[in-house]
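Engineer: Once you've had a glance at the structure underneath, I'll fire off some questions.
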Amino acid sequence: MDFNNILFETNNGISRVTINRPDKMNALNAETLKELKSVFTTIKNDDKINVVILTGAGDKAFVAGADISELNQLDLLSGKEFAEYGQEVFNIIENLGKPVIAAVNGYALGGGCELSLACHIRLASESAKFGQPEVNLGVIPGYGGTQRLARLINTGRALELILTGDMVNSDEAYRSGLVNKVYPGETLVEEAEKLAAKINKKGQIAVRMSVKAVVSCDELSEKEGQHLEAGLFAVCCGTEDFKEGTAAFLEKRKPEFKGK
Ligand code: COA
């Protein structure tokens, strides 16, 4: 697959997607969003890919937001389409059905912060900075940020970020639950790869059912969520991996999962 603004590689079931516009702080222009949609659709449909790492090229930015030179051209009608298209792409990532780890290696601002929020696990470099500075441009987050940020770190903290446009450093992001772990910049991607490799060794049907169940918690009532959980649990119980995992425990050996 040939992309202008994205690097994509897969090794042993683990894909790495790198947004590659370092001279523009990896800002998301329309072409990059389109390429993100294409690459994540490919990943979704490729059963051999189990885990994804998403990061930004260079050492300054994960993604510094939507491309402001394009944003500047929007009006009432095109603004709605712009937001809806970004939401569609980020929803594909959140609903990928397999884990996506954001390795946030620098600025994650505006659409960049929202992109990290659409991922399932966020790891950050010590130099990472998160923010929703849209208010400084006279607009609000439009790629799902008002919803995902409020759910993740609570409405008060989300509104503080959205209303001030202030950036928070990785320590503060960690304390507020915005990121799972913080690492030195030099080891961030290596740590993301270690985490991906650990997940890649598990029974992949159980991994995918876990992602599906947990991601749906935002949309379902407790009762509906538990109903879904029971169904997905049952799916796992019908797999070879389940027989292997439980037998391996009882036989005091390591399981050999086949994703079946
Ligand atoms: N859209 C388009 N271009 C962007 C961009 C964005 N969101 N963020 C950075 N760039 C471009 C800059 O215009 C500059 O391009 P140039 O070299 O052609 O002038 C280049 O990336 C480097 O950015 P610069 O501002 O010079 O780097 P810096 O280190 O001084 O500051 C940031 C880095 C991220 C703090 C600053 O670029 C910034 O505030 N970006 C906008 C963030 C934002 O508001 N995002 C939300 C958009 S909805």
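Every chain in the structure tokens takes a letter, A first, then B, and so on in the order presented; its residues are numbered from 1, and the ligands are numbered from 1 following the presented order.
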Residues up to 9 Å from ligand 1, counting only C-alpha atoms and all ligand atoms: could you list those as number ranges by chain?

Structural biologist: A: 21-29, 60-61, 63-71, 106-113, 131-137, 139-142, 165

Engineer: If you run DSSP on the backbone, which residues of region 29-196 of chain A are helix (DSSP H, G or I), as a PyMOL selection string?

Structural biologist: chain A and resi 30-45+68-71+76-94+111-118+133-137+145-153+155-164+170-175+185-196

Engineer: So, counting only C-alpha atoms, which residue among A:Leu195, A:His120, A:Glu126, A:Phe82 is closest to Ser210 (chain A)?

Structural biologist: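 For Ser210 (chain A), the nearest of the candidates is A:His120.
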
Engineer: Tell me which protein, DNA and RNA residues are within 7 Å of Glu114 (chain A), counting only C-alpha atoms, leaving out same-chain ones fewer than 4 positions away, and put them as a PyMOL selection string.

Structural biologist: chain A and resi 110+118+143-145

Engineer: If you take only C-alpha atoms and a cut-off of 8 Å, which residues of region 139-242 of chain A touch region 252-259 of chain A, and what are their nearest atom pairs and distances in Å to one decimal, in chain and number order, as CSV?

Structural biologist:
residue,atom,partner,partner_atom,distance
A:Lys201,CA,A:Phe257,CA,7.6
A:Lys202,CA,A:Phe257,CA,6.8
A:Gly203,CA,A:Phe257,CA,5.3
A:Gln204,CA,A:Gly259,CA,5.0
A:Ile205,CA,A:Gly259,CA,5.8
A:Glu240,CA,A:Lys258,CA,7.7
A:Asp241,CA,A:Phe257,CA,5.3

Engineer: Would you kindly return, as a ChimeraX atom specification, each protein, DNA or RNA residue with an atom no farther than 8 Å from any atom of Ile53 (chain A), considering only C-alpha atoms and excluding same-chain residues fewer than 3 positions away?

Structural biologist: /A:14-17,100-103,192-193,196

Engineer: For the residues in the current selection, export N, CA and C atoms as a JSON list (two decimals), in the first residue's frame.

Structural biologist:
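part_15.json, freshly written:
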[["chain", "number", "residue", "atom", "x", "y", "z"],
["A", 14, "ILE", "N", 1.87, -7.77, 14.41],
["A", 14, "ILE", "CA", 1.82, -6.44, 15.02],
["A", 14, "ILE", "C", 2.07, -5.38, 13.94],
["A", 15, "SER", "N", 1.11, -4.46, 13.78],
["A", 15, "SER", "CA", 1.28, -3.39, 12.77],
["A", 15, "SER", "C", 1.71, -2.11, 13.45],
["A", 16, "ARG", "N", 2.53, -1.36, 12.72],
["A", 16, "ARG", "CA", 2.86, -0.02, 13.18],
["A", 16, "ARG", "C", 2.40, 1.00, 12.13],
["A", 17, "VAL", "N", 1.57, 1.95, 12.57],
["A", 17, "VAL", "CA", 1.11, 3.02, 11.69],
["A", 17, "VAL", "C", 1.75, 4.31, 12.20],
["A", 100, "VAL", "N", -5.58, -1.12, 19.76],
["A", 100, "VAL", "CA", -4.72, -0.09, 19.16],
["A", 100, "VAL", "C", -4.05, 0.66, 20.31],
["A", 101, "ILE", "N", -2.72, 0.68, 20.27],
["A", 101, "ILE", "CA", -1.94, 1.36, 21.31],
["A", 101, "ILE", "C", -1.41, 2.66, 20.72],
["A", 102, "ALA", "N", -1.76, 3.79, 21.33],
["A", 102, "ALA", "CA", -1.19, 5.07, 20.88],
["A", 102, "ALA", "C", 0.14, 5.26, 21.59],
["A", 103, "ALA", "N", 1.21, 5.46, 20.83],
["A", 103, "ALA", "CA", 2.51, 5.82, 21.41],
["A", 103, "ALA", "C", 2.67, 7.31, 21.15],
["A", 192, "ALA", "N", 5.99, 0.25, 23.68],
["A", 192, "ALA", "CA", 4.70, -0.04, 23.01],
["A", 192, "ALA", "C", 4.80, -1.39, 22.31],
["A", 193, "GLU", "N", 5.98, -1.67, 21.72],
["A", 193, "GLU", "CA", 6.16, -2.96, 21.05],
["A", 193, "GLU", "C", 6.14, -4.12, 22.04],
["A", 196, "ALA", "N", 2.59, -4.66, 22.93],
["A", 196, "ALA", "CA", 1.89, -5.30, 21.80],
["A", 196, "ALA", "C", 2.27, -6.78, 21.72]]

Engineer: For each of A:Ala124, A:Leu152, A:Met209, A:Leu33, take the minimum atom-to-atom distance to Asn95 (chain A), counting only C-alpha atoms, then give the residue where this is smallest.

Structural biologist: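 That would be A:Met209, the residue with the smallest distance to Asn95 (chain A).
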
Engineer: Taking only C-alpha atoms into account, which of A:Leu163, A:Val168, A:Ala230, A:Leu7 comes nearest Gly138 (chain A)?

Structural biologist: A:Leu163

Engineer: Let me make sure I understand: among A:Asn12, A:Thr18, A:Thr155, A:Asn91, which one has the smallest atom-to-atom distance to Lys37 (chain A) if we use only C-alpha atoms?

Structural biologist: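 Of A:Asn12, A:Thr18, A:Thr155, A:Asn91, the one nearest Lys37 (chain A) is A:Asn91, counting only C-alpha atoms.
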
Engineer: Do a neighbour search on Lys181 (chain A) at 9 Å with only C-alpha atoms, toss out local chain neighbours closer than 6 positions, and write the hits as a list in words.

Structural biologist: Arg122, Leu123, Ala124, Ser125, Ser170 and Tyr174 of chain A

Engineer: How would the residues just chosen look if you wrote them out with N, CA and C atoms as an mmCIF file, in the first residue's frame?

Structural biologist:
data_model
loop_
_atom_site.group_PDB
_atom_site.id
_atom_site.type_symbol
_atom_site.label_atom_id
_atom_site.label_comp_id
_atom_site.auth_asym_id
_atom_site.auth_seq_id
_atom_site.Cartn_x
_atom_site.Cartn_y
_atom_site.Cartn_z
ATOM 1 N N ARG A 122 -3.138 4.335 25.840
ATOM 2 C CA ARG A 122 -2.263 5.453 25.510
ATOM 3 C C ARG A 122 -0.982 5.374 26.337
ATOM 4 N N LEU A 123 0.153 5.277 25.650
ATOM 5 C CA LEU A 123 1.456 5.397 26.301
ATOM 6 C C LEU A 123 2.031 6.734 25.832
ATOM 7 N N ALA A 124 2.752 7.418 26.720
ATOM 8 C CA ALA A 124 3.260 8.739 26.333
ATOM 9 C C ALA A 124 4.742 8.856 26.628
ATOM 10 N N SER A 125 5.433 9.688 25.860
ATOM 11 C CA SER A 125 6.824 10.015 26.172
ATOM 12 C C SER A 125 6.809 11.102 27.245
ATOM 13 N N SER A 170 2.984 15.181 30.348
ATOM 14 C CA SER A 170 2.681 13.751 30.459
ATOM 15 C C SER A 170 2.410 13.328 31.907
ATOM 16 N N TYR A 174 -0.944 11.602 33.031
ATOM 17 C CA TYR A 174 -0.956 10.312 33.725
ATOM 18 C C TYR A 174 -1.827 10.386 34.981
#

Engineer: I'd like the neighbourhood of Lys34 (chain A) as a PDB file with N, CA, C and O atoms, in the first residue's frame, where a residue qualifies if any of its atoms comes within 10 Å (using only C-alpha atoms), though same-chain residues fewer than 6 positions away should be ignored.

Structural biologist:
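Below you can see selection.pdb, which holds the result:
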ATOM      1  N   PHE A   3       1.252   5.199   0.566  1.00  0.00           N
ATOM      2  CA  PHE A   3       0.640   6.382   1.172  1.00  0.00           C
ATOM      3  C   PHE A   3       1.630   7.537   1.080  1.00  0.00           C
ATOM      4  O   PHE A   3       2.843   7.329   1.086  1.00  0.00           O
ATOM      5  N   ASN A   5       1.387  10.166   3.393  1.00  0.00           N
ATOM      6  CA  ASN A   5       1.567  10.763   4.723  1.00  0.00           C
ATOM      7  C   ASN A   5       1.556   9.746   5.863  1.00  0.00           C
ATOM      8  O   ASN A   5       1.471  10.140   7.034  1.00  0.00           O
ATOM      9  N   LEU A  28      -3.167  16.674  10.761  1.00  0.00           N
ATOM     10  CA  LEU A  28      -4.058  15.840   9.934  1.00  0.00           C
ATOM     11  C   LEU A  28      -4.720  16.682   8.856  1.00  0.00           C
ATOM     12  O   LEU A  28      -5.694  17.382   9.123  1.00  0.00           O
ATOM     13  N   TYR A  85     -16.645  13.446   9.011  1.00  0.00           N
ATOM     14  CA  TYR A  85     -15.673  12.551   8.369  1.00  0.00           C
ATOM     15  C   TYR A  85     -14.587  12.131   9.373  1.00  0.00           C
ATOM     16  O   TYR A  85     -14.248  10.948   9.484  1.00  0.00           O
ATOM     17  N   GLY A  86     -14.085  13.105  10.128  1.00  0.00           N
ATOM     18  CA  GLY A  86     -13.077  12.778  11.152  1.00  0.00           C
ATOM     19  C   GLY A  86     -13.641  11.814  12.189  1.00  0.00           C
ATOM     20  O   GLY A  86     -12.976  10.855  12.599  1.00  0.00           O
ATOM     21  N   VAL A  89     -13.698   8.299  10.764  1.00  0.00           N
ATOM     22  CA  VAL A  89     -12.371   7.647  10.745  1.00  0.00           C
ATOM     23  C   VAL A  89     -11.975   7.205  12.162  1.00  0.00           C
ATOM     24  O   VAL A  89     -11.522   6.074  12.378  1.00  0.00           O
TER      25      VAL A  89
END

Engineer: If you run DSSP on the backbone, which residues of region 2-190 of chain A are strand (DSSP E), as a PyMOL selection string?

Structural biologist: chain A and resi 6-11+14-19+51-56+61-63+100-104+107-109+121-125+129-131+167-169+181-183

Engineer: Write the residues of the preceding selection, restricted to N, CA and C atoms, as a short mmCIF file (atom, residue, chain, number, x, y, z; two decimals), in the first residue's frame.

Structural biologist:
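File produced: out.cif:
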data_model
loop_
_atom_site.label_atom_id
_atom_site.label_comp_id
_atom_site.auth_asym_id
_atom_site.auth_seq_id
_atom_site.Cartn_x
_atom_site.Cartn_y
_atom_site.Cartn_z
N ILE A 6 1.60 8.47 5.50
CA ILE A 6 1.54 7.44 6.53
C ILE A 6 2.57 6.36 6.22
N LEU A 7 3.24 5.87 7.25
CA LEU A 7 4.11 4.71 7.09
C LEU A 7 3.37 3.54 7.73
N PHE A 8 3.44 2.39 7.07
CA PHE A 8 2.68 1.24 7.56
C PHE A 8 3.53 -0.01 7.41
N GLU A 9 3.74 -0.71 8.52
CA GLU A 9 4.48 -1.98 8.42
C GLU A 9 3.87 -2.99 9.39
N THR A 10 3.99 -4.26 9.03
CA THR A 10 3.45 -5.32 9.89
C THR A 10 4.51 -6.41 10.06
N ASN A 11 4.74 -6.80 11.31
CA ASN A 11 5.66 -7.90 11.60
C ASN A 11 5.03 -8.82 12.62
N ILE A 14 1.87 -7.77 14.41
CA ILE A 14 1.82 -6.44 15.02
C ILE A 14 2.07 -5.38 13.94
N SER A 15 1.11 -4.46 13.78
CA SER A 15 1.28 -3.39 12.77
C SER A 15 1.71 -2.11 13.45
N ARG A 16 2.53 -1.36 12.72
CA ARG A 16 2.86 -0.02 13.18
C ARG A 16 2.40 1.00 12.13
N VAL A 17 1.57 1.95 12.57
CA VAL A 17 1.11 3.02 11.69
C VAL A 17 1.75 4.31 12.20
N THR A 18 2.50 4.99 11.31
CA THR A 18 3.18 6.22 11.72
C THR A 18 2.67 7.37 10.86
N ILE A 19 2.14 8.39 11.49
CA ILE A 19 1.70 9.57 10.74
C ILE A 19 2.95 10.37 10.41
N VAL A 51 -2.52 -6.69 16.73
CA VAL A 51 -2.35 -5.50 17.57
C VAL A 51 -1.75 -4.38 16.71
N VAL A 52 -2.13 -3.15 17.02
CA VAL A 52 -1.65 -2.01 16.23
C VAL A 52 -1.00 -0.98 17.16
N ILE A 53 0.11 -0.42 16.70
CA ILE A 53 0.74 0.71 17.40
C ILE A 53 0.59 1.93 16.48
N LEU A 54 0.10 3.03 17.03
CA LEU A 54 -0.07 4.25 16.25
C LEU A 54 0.81 5.33 16.85
N THR A 55 1.66 5.94 16.02
CA THR A 55 2.57 6.96 16.53
C THR A 55 2.79 8.05 15.48
N GLY A 56 3.60 9.05 15.83
CA GLY A 56 3.89 10.13 14.90
C GLY A 56 5.37 10.12 14.53
N ALA A 61 6.18 15.71 17.60
CA ALA A 61 4.72 15.63 17.64
C ALA A 61 4.20 14.21 17.41
N PHE A 62 3.16 13.90 18.14
CA PHE A 62 2.30 12.75 17.78
C PHE A 62 1.46 13.27 16.61
N VAL A 63 0.53 14.16 16.91
CA VAL A 63 -0.24 14.88 15.88
C VAL A 63 -0.66 16.22 16.51
N VAL A 100 -5.58 -1.12 19.76
CA VAL A 100 -4.72 -0.09 19.16
C VAL A 100 -4.05 0.66 20.31
N ILE A 101 -2.72 0.68 20.27
CA ILE A 101 -1.94 1.36 21.31
C ILE A 101 -1.41 2.66 20.72
N ALA A 102 -1.76 3.79 21.33
CA ALA A 102 -1.19 5.07 20.88
C ALA A 102 0.14 5.26 21.59
N ALA A 103 1.21 5.46 20.83
CA ALA A 103 2.51 5.82 21.41
C ALA A 103 2.67 7.31 21.15
N VAL A 104 2.30 8.11 22.16
CA VAL A 104 2.21 9.56 21.99
C VAL A 104 3.59 10.17 22.26
N TYR A 107 3.64 16.43 20.89
CA TYR A 107 2.36 17.15 20.94
C TYR A 107 1.20 16.28 20.48
N ALA A 108 0.17 16.20 21.31
CA ALA A 108 -1.10 15.56 20.92
C ALA A 108 -2.17 16.62 21.18
N LEU A 109 -2.38 17.44 20.17
CA LEU A 109 -3.24 18.62 20.35
C LEU A 109 -4.45 18.51 19.44
N ILE A 121 -5.35 2.09 24.29
CA ILE A 121 -4.36 2.27 25.36
C ILE A 121 -3.46 3.43 24.92
N ARG A 122 -3.14 4.33 25.84
CA ARG A 122 -2.26 5.45 25.51
C ARG A 122 -0.98 5.37 26.34
N LEU A 123 0.15 5.28 25.65
CA LEU A 123 1.46 5.40 26.30
C LEU A 123 2.03 6.73 25.83
N ALA A 124 2.75 7.42 26.72
CA ALA A 124 3.26 8.74 26.33
C ALA A 124 4.74 8.86 26.63
N SER A 125 5.43 9.69 25.86
CA SER A 125 6.82 10.01 26.17
C SER A 125 6.81 11.10 27.24
N LYS A 129 2.77 16.31 25.20
CA LYS A 129 1.87 17.35 25.73
C LYS A 129 0.50 17.16 25.10
N PHE A 130 -0.51 17.21 25.95
CA PHE A 130 -1.89 16.98 25.50
C PHE A 130 -2.68 18.28 25.64
N GLY A 131 -3.59 18.50 24.71
CA GLY A 131 -4.45 19.68 24.85
C GLY A 131 -5.52 19.71 23.79
N MET A 167 -2.28 23.27 27.60
CA MET A 167 -1.69 21.94 27.42
C MET A 167 -1.34 21.37 28.78
N VAL A 168 -1.41 20.03 28.89
CA VAL A 168 -0.90 19.38 30.10
C VAL A 168 0.27 18.49 29.71
N ASN A 169 1.24 18.39 30.63
CA ASN A 169 2.39 17.53 30.33
C ASN A 169 2.04 16.07 30.64
N LYS A 181 0.70 4.97 30.79
CA LYS A 181 2.07 4.94 31.31
C LYS A 181 2.90 6.00 30.59
N VAL A 182 3.98 6.44 31.25
CA VAL A 182 4.88 7.43 30.66
C VAL A 182 6.29 6.83 30.61
N TYR A 183 6.96 7.01 29.47
CA TYR A 183 8.32 6.46 29.29
C TYR A 183 9.25 7.54 28.72
#

Engineer: Could you tell me how far CA of Gly58 (chain A) lies from CA of Lys198 (chain A), in Å and to one decimal?

Structural biologist: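 Separating CA of Gly58 (chain A) from CA of Lys198 (chain A) is a distance of 25.7 Å.
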